[in-house]
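Dropping start.txt in here (compact mmCIF, C-alpha atoms):
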```
# COMPACT_ATOMS: atom_id res chain seq x y z
CA MET A 1 0.00 0.00 0.00
CA ARG A 2 2.83 2.37 0.95
CA TRP A 3 4.63 1.61 -2.29
CA LEU A 4 1.47 2.14 -4.25
CA LEU A 5 1.00 5.55 -2.66
CA ALA A 6 4.64 6.47 -3.29
CA PHE A 7 4.23 5.44 -6.89
CA CYS A 8 1.04 7.48 -7.28
CA LEU A 9 2.80 10.50 -5.78
CA ALA A 10 5.80 10.18 -8.12
CA TRP A 11 3.54 9.67 -11.08
CA SER A 12 1.22 12.58 -10.38
CA VAL A 13 4.10 15.02 -9.85
CA SER A 14 6.06 14.05 -12.95
CA ALA A 15 2.87 14.08 -14.99
CA ALA A 16 2.12 17.58 -13.74
CA HIS A 17 5.56 18.68 -14.89
CA ALA A 18 5.50 16.91 -18.21
CA ALA A 19 3.14 19.56 -19.59
CA GLU A 20 5.23 22.49 -18.22
CA ILE A 21 2.58 25.04 -18.99
CA ALA A 22 3.06 28.44 -17.41
CA TYR A 23 1.62 31.93 -17.63
CA THR A 24 3.05 35.43 -17.27
CA VAL A 25 2.20 37.43 -14.14
CA ARG A 26 3.38 40.72 -15.69
CA PRO A 27 4.17 42.08 -19.14
CA THR A 28 7.37 40.32 -20.19
CA GLU A 29 9.97 40.75 -22.91
CA ILE A 30 11.03 37.70 -24.91
CA LYS A 31 14.81 37.74 -25.35
CA ALA A 32 16.89 35.96 -28.00
CA LYS A 33 19.32 34.75 -25.33
CA PRO A 34 19.13 34.20 -21.54
CA PHE A 35 20.52 37.56 -20.42
CA SER A 36 19.12 41.03 -19.94
CA ASP A 37 21.02 42.87 -22.70
CA ALA A 38 20.22 40.26 -25.36
CA ALA A 39 18.03 41.37 -28.27
CA THR A 40 14.32 41.67 -27.51
CA LEU A 41 12.29 39.55 -29.92
CA SER A 42 8.81 40.55 -28.81
CA SER A 43 6.79 41.08 -25.65
CA LEU A 44 4.08 39.14 -23.92
CA PRO A 45 1.21 40.82 -22.08
CA GLN A 46 0.24 39.68 -18.59
CA SER A 47 -1.57 36.31 -18.36
CA SER A 48 -0.05 34.95 -21.59
CA ARG A 49 0.07 31.18 -21.77
CA VAL A 50 3.52 29.75 -22.55
CA GLU A 51 5.17 26.36 -22.82
CA VAL A 52 8.40 26.02 -20.80
CA ILE A 53 11.21 24.23 -22.66
CA ALA A 54 14.31 24.79 -20.52
CA ARG A 55 15.75 26.81 -17.65
CA LYS A 56 19.05 28.60 -17.20
CA SER A 57 19.72 30.52 -13.98
CA GLY A 58 17.05 33.26 -13.82
CA TRP A 59 15.71 32.57 -17.31
CA MET A 60 13.27 30.18 -18.92
CA GLN A 61 13.18 29.21 -22.55
CA ILE A 62 9.59 29.32 -23.69
CA ARG A 63 7.40 28.75 -26.71
CA SER A 64 4.44 30.98 -27.29
CA ASP A 65 2.34 31.15 -30.46
CA GLY A 66 5.06 29.34 -32.37
CA ALA A 67 7.80 31.78 -31.30
CA THR A 68 10.67 30.67 -29.08
CA GLY A 69 12.81 32.77 -26.75
CA TRP A 70 13.89 33.46 -23.16
CA VAL A 71 11.94 35.25 -20.42
CA ARG A 72 12.80 35.96 -16.77
CA MET A 73 11.69 32.93 -14.76
CA LEU A 74 10.16 35.07 -12.02
CA SER A 75 7.72 36.57 -14.49
CA LEU A 76 6.19 33.10 -14.86
CA ARG A 77 4.03 30.85 -12.68
CA PHE A 78 3.39 27.23 -13.50
CA GLY A 79 -0.10 26.13 -14.38
CA ASP A 80 -2.95 27.75 -16.19
CA ALA A 81 -3.84 31.36 -15.36
CA ALA A 82 -7.54 30.48 -15.41
CA ALA A 83 -7.11 27.21 -13.50
CA GLN A 84 -5.23 28.91 -10.66
CA LYS A 85 -8.45 30.29 -9.25
CA LYS A 86 -10.29 27.00 -9.01
CA SER A 87 -7.23 25.04 -7.74
CA GLY A 88 -7.19 21.74 -9.58
CA ASP A 89 -6.84 18.35 -7.92
CA SER A 90 -4.47 15.57 -8.97
CA GLY A 91 -6.63 13.18 -7.02
CA LEU A 92 -3.92 12.45 -4.50
CA GLY A 93 -5.35 14.64 -1.76
CA ALA A 94 -8.69 12.99 -2.25
CA LEU A 95 -7.07 9.56 -2.21
CA PHE A 96 -5.48 10.29 1.14
CA SER A 97 -8.56 11.64 2.80
CA VAL A 98 -10.58 8.67 1.65
CA ALA A 99 -7.91 6.29 2.90
CA THR A 100 -7.64 7.95 6.28
CA THR A 101 -11.04 9.32 7.16
CA GLY A 102 -13.34 7.31 4.94
CA GLY A 103 -14.96 10.54 3.87
CA SER A 104 -14.10 13.05 1.20
CA GLY A 105 -13.37 16.72 0.92
CA SER A 106 -10.71 16.81 3.63
CA THR A 107 -7.29 17.92 2.44
CA VAL A 108 -5.39 17.16 5.62
CA SER A 109 -4.31 13.56 6.02
CA THR A 110 -3.94 12.20 9.52
CA GLY A 111 -1.81 9.37 10.80
CA VAL A 112 -0.25 8.59 7.44
CA ARG A 113 2.82 10.75 7.47
CA GLY A 114 5.63 11.14 9.97
CA LEU A 115 5.65 14.89 10.18
CA SER A 116 2.03 15.34 11.12
CA GLU A 117 0.91 18.28 13.20
CA GLU A 118 -0.04 15.87 15.99
CA LYS A 119 3.53 14.64 16.27
CA LEU A 120 4.79 18.19 16.48
CA LYS A 121 2.26 18.98 19.19
CA ASN A 122 3.05 15.84 21.21
CA PRO A 123 6.77 15.52 20.58
CA GLN A 124 9.09 12.71 21.66
CA PRO A 125 12.83 13.45 21.72
CA ASN A 126 15.21 11.20 19.82
CA PRO A 127 18.65 11.45 21.50
CA GLN A 128 20.01 8.56 19.42
CA ALA A 129 19.36 10.43 16.17
CA MET A 130 20.90 13.57 17.70
CA LYS A 131 24.15 11.64 18.22
CA GLU A 132 24.01 10.45 14.63
CA LEU A 133 23.43 14.02 13.45
CA GLN A 134 26.61 15.20 15.20
CA ARG A 135 28.60 12.60 13.30
CA TYR A 136 27.66 14.11 9.93
CA ALA A 137 28.77 17.65 10.84
CA ALA A 138 31.30 19.29 8.51
CA SER A 139 34.27 21.14 9.96
CA ARG A 140 35.29 24.59 8.80
CA GLN A 141 38.21 23.07 6.89
CA GLU A 142 36.01 20.45 5.22
CA ALA A 143 33.64 23.20 4.14
CA LEU A 144 36.50 25.28 2.72
CA ASN A 145 37.75 22.25 0.78
CA PHE A 146 34.24 21.62 -0.48
CA GLY A 147 33.86 25.19 -1.75
CA LYS A 148 37.23 24.97 -3.44
CA SER A 149 36.44 21.65 -5.12
CA GLY A 150 33.32 23.24 -6.60
CA LYS A 151 35.25 26.35 -7.70
CA LEU A 152 32.75 28.41 -5.75
CA ALA A 153 33.97 32.02 -5.68
CA THR A 154 32.68 34.08 -2.74
CA HIS A 155 31.40 37.67 -2.84
CA ARG A 156 30.57 40.36 -0.38
CA ILE A 157 26.92 41.24 -0.93
CA ASP A 158 24.66 43.10 1.49
CA TYR A 159 21.31 41.66 2.47
CA LEU A 160 18.36 43.06 0.54
CA PRO A 161 15.98 45.55 2.16
CA PRO A 162 12.26 44.67 2.18
CA ALA A 163 10.42 45.32 -1.09
CA LYS A 164 8.58 48.64 -1.17
CA MET B 1 -18.28 37.18 28.95
CA ASN B 2 -19.59 40.63 29.80
CA ARG B 3 -17.63 40.75 33.00
CA LYS B 4 -14.48 39.78 31.10
CA LEU B 5 -15.09 42.53 28.59
CA ILE B 6 -15.65 45.09 31.30
CA SER B 7 -12.43 44.14 33.04
CA ILE B 8 -10.54 44.40 29.76
CA VAL B 9 -11.96 47.86 29.15
CA PHE B 10 -11.06 48.78 32.72
CA LEU B 11 -7.52 47.47 32.29
CA CYS B 12 -7.09 49.36 29.05
CA SER B 13 -8.19 52.64 30.53
CA PHE B 14 -5.99 51.95 33.53
CA ALA B 15 -2.99 51.26 31.35
CA SER B 16 -3.42 54.39 29.31
CA SER B 17 -4.02 56.61 32.30
CA ALA B 18 -1.10 55.08 34.19
CA LEU B 19 1.30 56.86 31.94
CA ALA B 20 -0.36 60.21 32.42
CA PHE B 21 -1.28 60.24 36.12
CA ASP B 22 0.38 59.61 39.39
CA LEU B 23 -1.47 56.64 40.88
CA GLY B 24 -0.40 57.12 44.44
CA ASP B 25 0.20 53.70 46.00
CA ILE B 26 1.09 51.92 42.78
CA ASP B 27 4.66 52.45 41.69
CA VAL B 28 4.16 52.52 37.94
CA GLY B 29 7.77 53.26 37.21
CA LYS B 30 8.92 50.21 39.13
CA ALA B 31 6.36 47.94 37.49
CA LEU B 32 7.38 49.10 34.03
CA ASP B 33 11.00 48.68 35.00
CA SER B 34 10.61 45.02 35.98
CA LEU B 35 8.60 44.35 32.81
CA LYS B 36 11.42 45.87 30.82
CA LYS B 37 13.93 43.71 32.66
CA ALA B 38 12.00 40.55 31.85
CA GLN B 39 11.85 41.49 28.19
CA GLN B 40 15.54 42.31 28.22
CA ALA B 41 16.40 38.93 29.71
CA SER B 42 14.49 37.04 27.04
CA ALA B 43 16.02 39.12 24.31
CA ASP B 44 19.47 38.54 25.73
CA ILE B 45 19.30 34.77 25.99
CA ASP B 46 22.96 33.93 25.42
CA GLU B 47 24.34 31.76 22.64
CA SER B 48 24.99 28.70 24.78
CA LYS B 49 21.35 28.81 25.94
CA GLU B 50 20.16 29.28 22.38
CA ILE B 51 22.12 26.20 21.30
CA GLN B 52 20.84 24.19 24.27
CA LEU B 53 17.23 25.10 23.49
CA GLY B 54 17.72 24.38 19.77
CA GLY B 55 19.20 20.98 20.60
CA GLY B 56 16.10 20.05 22.57
CA ILE B 57 13.82 21.15 19.73
CA ALA B 58 15.96 19.37 17.10
CA SER B 59 15.73 16.17 19.13
CA ASN B 60 11.93 16.48 19.07
CA LEU B 61 11.93 17.01 15.31
CA LEU B 62 13.98 13.83 14.96
CA GLY B 63 11.38 12.14 17.11
CA ALA B 64 8.72 13.17 14.59
CA ALA B 65 10.74 12.03 11.55
CA PRO B 66 13.95 9.95 11.58
CA LEU B 67 17.20 10.80 9.80
CA LEU B 68 17.60 9.38 6.31
CA LYS B 69 19.91 6.38 6.44
CA ASN B 70 22.39 7.53 3.83
CA GLN B 71 25.74 8.78 5.04
CA ARG B 72 26.83 10.19 1.69
CA VAL B 73 23.71 12.33 1.33
CA GLN B 74 23.94 13.51 4.95
CA LYS B 75 27.64 14.44 4.61
CA TYR B 76 26.97 16.25 1.34
CA VAL B 77 24.17 18.35 2.82
CA ASN B 78 26.47 19.25 5.74
CA ASP B 79 29.25 20.27 3.33
CA VAL B 80 26.91 22.57 1.39
CA GLY B 81 25.40 23.94 4.60
CA MET B 82 28.69 24.63 6.34
CA TRP B 83 30.10 26.28 3.21
CA LEU B 84 27.07 28.60 3.28
CA ALA B 85 27.46 29.19 7.03
CA LEU B 86 30.97 30.54 6.45
CA GLN B 87 29.42 33.36 4.38
CA THR B 88 27.16 34.51 7.22
CA GLU B 89 27.53 36.66 10.33
CA ARG B 90 27.39 33.59 12.59
CA PRO B 91 29.95 31.18 11.11
CA ASN B 92 30.94 29.77 14.49
CA LEU B 93 27.58 28.33 15.55
CA PRO B 94 27.68 24.52 15.76
CA TRP B 95 25.84 24.17 12.44
CA ARG B 96 24.19 20.76 11.92
CA PHE B 97 22.27 19.76 8.82
CA GLY B 98 20.10 16.70 8.43
CA VAL B 99 17.86 15.05 5.84
CA LEU B 100 14.67 13.73 7.41
CA ASP B 101 13.35 10.47 6.02
CA ASP B 102 9.87 11.77 5.29
CA ASN B 103 7.70 12.19 2.19
CA ASP B 104 6.34 15.54 3.32
CA VAL B 105 7.74 18.51 1.41
CA ASN B 106 9.24 20.77 4.07
CA ALA B 107 12.32 22.21 5.77
CA PHE B 108 12.92 23.31 9.35
CA ALA B 109 15.36 25.34 11.41
CA ALA B 110 15.91 25.20 15.16
CA PRO B 111 17.79 27.83 17.20
CA GLY B 112 21.55 27.51 17.51
CA GLY B 113 22.29 26.08 14.06
CA TYR B 114 20.04 23.06 13.39
CA VAL B 115 18.67 22.80 9.84
CA PHE B 116 16.55 19.99 8.44
CA VAL B 117 15.22 19.28 4.98
CA THR B 118 12.88 16.39 4.18
CA ARG B 119 13.51 13.70 1.58
CA GLY B 120 10.25 14.85 -0.01
CA LEU B 121 11.66 18.33 -0.59
CA LEU B 122 15.02 17.02 -1.86
CA ALA B 123 13.05 15.00 -4.40
CA GLN B 124 11.79 18.24 -5.95
CA MET B 125 15.28 19.69 -6.45
CA ARG B 126 17.58 19.41 -9.44
CA SER B 127 20.78 21.16 -8.40
CA GLU B 128 23.11 22.03 -5.54
CA ALA B 129 22.17 25.71 -5.98
CA GLU B 130 18.55 24.79 -5.22
CA LEU B 131 19.62 22.89 -2.10
CA ALA B 132 21.84 25.83 -1.10
CA GLY B 133 18.94 28.26 -1.52
CA VAL B 134 16.66 26.21 0.72
CA LEU B 135 19.34 25.68 3.39
CA ALA B 136 20.21 29.39 3.30
CA HIS B 137 16.53 30.30 3.80
CA GLU B 138 16.37 28.09 6.90
CA MET B 139 19.72 29.36 8.17
CA SER B 140 18.38 32.92 7.95
CA HIS B 141 15.67 32.05 10.49
CA ILE B 142 18.50 31.06 12.85
CA LEU B 143 20.67 34.08 12.05
CA ARG B 144 17.75 36.42 12.79
CA LYS B 145 16.49 34.36 15.78
CA HIS B 146 12.98 34.15 14.34
CA TYR B 147 12.18 30.97 16.26
CA LEU B 148 13.38 32.38 19.57
CA GLU B 149 11.01 35.32 19.07
CA ALA B 150 8.13 33.02 18.13
CA ILE B 151 8.76 30.83 21.19
CA LYS B 152 8.88 33.89 23.41
CA LYS B 153 5.54 35.07 22.03
CA GLY B 154 3.90 31.66 22.52
CA ALA B 155 5.29 30.88 25.97
CA ARG B 156 4.14 32.11 29.36
CA THR B 157 5.49 35.55 30.23
CA GLY B 158 8.77 35.29 32.04
CA LEU B 159 9.50 31.68 31.07
CA MET B 160 12.27 32.75 28.72
CA ALA B 161 13.75 34.98 31.43
CA GLU B 162 13.56 32.07 33.88
CA PHE B 163 15.41 29.84 31.42
CA ALA B 164 17.99 32.55 30.69
CA GLY B 165 18.66 32.89 34.42
CA GLU B 166 19.09 29.16 35.06
CA ALA B 167 22.60 27.76 35.35
CA LEU B 168 23.52 25.82 32.25
CA LYS B 169 23.46 22.12 32.95
CA GLY B 170 23.12 19.01 30.87
CA GLY B 171 20.32 16.48 30.84
CA GLY B 172 17.55 18.98 30.19
CA ALA B 173 16.16 18.63 33.70
CA ASP B 174 15.18 22.29 34.06
CA PRO B 175 11.41 22.75 34.03
CA ALA B 176 11.64 26.02 32.09
CA PHE B 177 13.83 24.33 29.46
CA ASN B 178 11.35 21.48 28.97
CA LYS B 179 8.41 23.86 28.63
CA LEU B 180 10.24 26.00 26.11
CA VAL B 181 11.29 22.97 24.05
CA SER B 182 7.66 21.84 23.84
CA ALA B 183 6.51 25.36 22.99
CA GLY B 184 9.31 25.57 20.42
CA THR B 185 8.32 22.32 18.71
CA GLU B 186 4.73 23.49 18.43
CA VAL B 187 5.85 26.53 16.47
CA TYR B 188 6.44 24.19 13.48
CA ALA B 189 2.77 23.28 13.42
CA ARG B 190 1.78 26.94 13.62
CA GLY B 191 4.45 28.62 11.49
CA LEU B 192 6.38 31.86 11.80
CA ASP B 193 5.24 35.39 10.97
CA LYS B 194 4.83 36.07 7.27
CA GLU B 195 7.44 38.81 7.48
CA ASP B 196 9.98 36.37 8.92
CA GLU B 197 9.48 34.11 5.90
CA PHE B 198 9.90 37.01 3.45
CA GLU B 199 13.06 38.09 5.26
CA ALA B 200 14.46 34.54 5.12
CA ASP B 201 13.76 34.46 1.36
CA ARG B 202 15.62 37.74 0.84
CA MET B 203 18.56 36.63 2.97
CA GLY B 204 18.64 33.10 1.56
CA VAL B 205 19.13 34.36 -1.98
CA VAL B 206 21.99 36.64 -0.87
CA ILE B 207 23.78 33.96 1.20
CA ALA B 208 23.66 31.44 -1.67
CA THR B 209 24.99 34.09 -4.07
CA ARG B 210 27.77 35.07 -1.66
CA ALA B 211 28.76 31.39 -1.54
CA GLY B 212 29.22 31.40 -5.31
CA TYR B 213 26.00 29.69 -6.41
CA ASP B 214 23.50 30.59 -9.10
CA PRO B 215 21.24 33.08 -7.22
CA TYR B 216 18.07 31.50 -8.60
CA GLY B 217 18.23 28.24 -6.63
CA LEU B 218 15.71 29.25 -3.97
CA PRO B 219 13.28 30.92 -6.43
CA THR B 220 13.45 27.80 -8.60
CA VAL B 221 12.44 25.53 -5.72
CA LEU B 222 9.60 27.90 -4.77
CA GLN B 223 8.46 27.93 -8.38
CA THR B 224 8.57 24.12 -8.60
CA LEU B 225 6.43 23.85 -5.46
CA GLN B 226 4.10 26.52 -6.84
CA GLY B 227 3.59 24.25 -9.86
CA MET B 228 2.63 21.31 -7.66
CA ASN B 229 -0.96 20.62 -6.84
CA VAL B 230 -2.28 22.66 -3.93
CA GLN B 231 -4.30 19.66 -2.84
CA ASP B 232 -1.25 17.41 -2.58
CA SER B 233 -1.23 16.27 1.04
CA SER B 234 2.58 16.21 1.20
CA LEU B 235 2.40 20.01 0.95
CA ALA B 236 -0.35 20.53 3.52
CA LEU B 237 1.84 21.57 6.45
CA LEU B 238 4.16 23.72 4.33
CA PHE B 239 1.20 25.56 2.80
CA LYS B 240 -0.45 26.00 6.18
CA THR B 241 2.66 27.48 7.78
CA HIS B 242 4.04 29.66 4.97
CA PRO B 243 2.81 32.63 2.95
CA ALA B 244 1.48 31.83 -0.54
CA LEU B 245 4.23 30.80 -2.95
CA GLY B 246 2.97 33.23 -5.59
CA GLU B 247 3.40 36.11 -3.16
CA ARG B 248 6.92 34.97 -2.17
CA LEU B 249 7.91 34.69 -5.83
CA SER B 250 6.49 38.12 -6.66
CA LEU B 251 8.45 39.74 -3.83
CA LEU B 252 11.66 38.04 -4.98
CA ASP B 253 10.91 39.14 -8.56
CA ARG B 254 10.72 42.80 -7.48
CA LEU B 255 13.87 42.55 -5.36
CA MET B 256 16.05 40.53 -7.70
CA TYR B 257 15.09 42.20 -10.99
CA GLY B 258 18.33 43.43 -12.56
CA GLN B 259 20.25 43.12 -9.26
CA PHE B 260 21.61 39.63 -9.78
CA ASP B 261 22.30 39.65 -13.51
CA ARG B 262 26.06 39.70 -12.94
CA TYR B 263 25.90 36.49 -10.86
CA GLU B 264 23.86 34.50 -13.36
CA ASN B 265 26.89 32.62 -14.62
CA GLN B 266 27.70 31.20 -11.20
CA PRO B 267 27.49 27.39 -11.12
CA ASP B 268 24.40 25.51 -10.01
CA HIS B 269 26.29 22.21 -9.75
CA ALA B 270 23.37 20.20 -11.01
CA ARG B 271 25.69 17.36 -11.99
CA ARG B 272 27.32 17.08 -8.57
CA PHE B 273 23.88 17.13 -6.93
CA MET B 274 22.59 14.42 -9.25
CA ALA B 275 25.70 12.29 -8.70
CA VAL B 276 25.09 12.28 -4.93
CA MET B 277 21.33 11.76 -5.20
CA GLY B 278 21.51 9.19 -8.00
CA ASN B 279 20.66 5.62 -6.97
CA THR B 280 19.37 6.77 -3.58
CA GLY B 281 15.75 6.48 -4.62
CA ILE B 282 15.26 10.10 -3.52
CA LEU B 283 14.79 11.84 -6.85
CA PHE B 284 11.70 11.85 -8.99
CA HIS B 285 12.38 11.26 -12.64
CA ARG B 286 11.09 13.93 -14.90
```

Any chance you could put this one into structure tokens?
Amino acid sequence: MRWLLAFCLAWSVSAAHAAEIAYTVRPTEIKAKPFSDAATLSSLPQSSRVEVIARKSGWMQIRSDGATGWVRMLSLRFGDAAAQKKSGDSGLGALFSVATTGGSGSTVSTGVRGLSEEKLKNPQPNPQAMKELQRYAASRQEALNFGKSGKLATHRIDYLPPAK
Amino acid sequence: MNRKLISIVFLCSFASSALAFDLGDIDVGKALDSLKKAQQASADIDESKEIQLGGGIASNLLGAAPLLKNQRVQKYVNDVGMWLALQTERPNLPWRFGVLDDNDVNAFAAPGGYVFVTRGLLAQMRSEAELAGVLAHEMSHILRKHYLEAIKKGARTGLMAEFAGEALKGGGADPAFNKLVSAGTEVYARGLDKEDEFEADRMGVVIATRAGYDPYGLPTVLQTLQGMNVQDSSLALLFKTHPALGERLSLLDRLMYGQFDRYENQPDHARRFMAVMGNTGILFHR
């Protein structure tokens, strides 16, 4: 049963992503290449439906009305602009509530998962796992070696102020 | 009910007039002074106490979901996390990172340097930059002591001051400690303030970028989750305890627009991430 549920979960998520349909949340320029000073091919008004092909850093390659180009990823949200309001259902939530409560319409599953609210409200410590956790800790030197092995160059950047 | 209301109204008028009038027998100055002291004590809970409290809360989290039995994955997450920690204002905290063996999509931070991410959330990621973004978001809650503030708000007045005043001793036998650990664990079911989450998003992006990663790791994870079904029960707790993903993405859009262009060529280390996660059964195949 557990395996079946895990399979259903994996299947529903990958299926949801296979379509990769997104929509613009603001007017957006389509660029020829994934950077800001690349040539602008055309622009999309808000709520345009696009098909996402690829991603590179802050950019997504999209197809819209036969044209292909790059837009800033943060100007997009996955899903259908119209469908967002009625919040679709993959069936998984319903499956869980039926399995656990015998009813339908509930979106919160109980007793199935480890990290349920009940467990957080009636916690039991796990000192054994705490010991194990300490064993995995990385030292400062290990971290420095790790950064070096990934050729990760550091920068001094201030934290961002809240958006106005 | 009526009597309660009347006493509240009375108390309010008393409180406001107390500042303006001399109340004779009642030493208002002294009362305010001791209130101030109590607040000061809870604000000034020292680092060793913060770590002790966080350890108790982390142990409870591990009681709710066990650690994933995969040493390579656990070591890798600690390497990424500690590398990030070195780019923050609190590099010397005893930072500990753990992957929880749980299908739920979520991540947690406990005071003093404890950061957890679930297997379910790892499964939604495709690169080290995405992992770094999520860890950096959680680390920001610790850097800014968001959980300590939330615990203080939820706990009985003075409990934090009581704990701060207790001599540090092992075993967790102090009654104030035990109460605060329970209160602290409950915060995960309730969630932090919206503003704390927005701040952790803003800081998380900066910390990951400072560490040399593609700045868009955290936004990418948020966008992936935004594309998942809102009814998916593995997201129930995350959705209940966090502001809407669309709102978080829109705020990051406004803040990051044009500001991070020069860091876009930083690596995301997708290949290294996949090499560690491959054959673990963690990743979904898309």

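Taking CA of Pro34 in chain A and CA of Pro215 in chain B as the two end points, the separation is 14.5 Å.
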
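Between chain A and the candidates B:Tyr216, B:Phe116, B:Tyr147, B:Phe260, the tightest atom-to-atom separation, counting all atoms listed in the file, involves B:Tyr216.
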
Subject >> Spatial neighbours of Arg26 in chain A, max dist 9 Å, all atoms listed in the file, sep filter under 5 positions, as a PyMOL selection string >> reply: chain A and resi 44-48+75-76

**OP:** Quick one: everything within 10 Å of Arg135 in chain A, counting all atoms listed in the file, minus sequence neighbours fewer than 3 positions away in the same chain. Send it as a VMD selection string.
**Re:** (chain A and resid 129 to 132 138) or (chain B and resid 71 74 to 75 96)

**OP:** Residues of chain B no more than 7 Å from chain A, counting all atoms listed in the file: send them over as a PyMOL selection string.
**Re:** chain B and resi 59-60+62-65+67+74-75+78-79+82-83+96+98+102+104+185-186+188-189+202-203+206+210-214+216+223+226-233+236+249+251+253-255+264+284-286

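Remark: for Ala150 in chain B, the closest of the candidate residues B:Gly191, B:Gly165, B:Pro243, B:Gly281 is B:Gly191 (distances computed over only C-alpha atoms).
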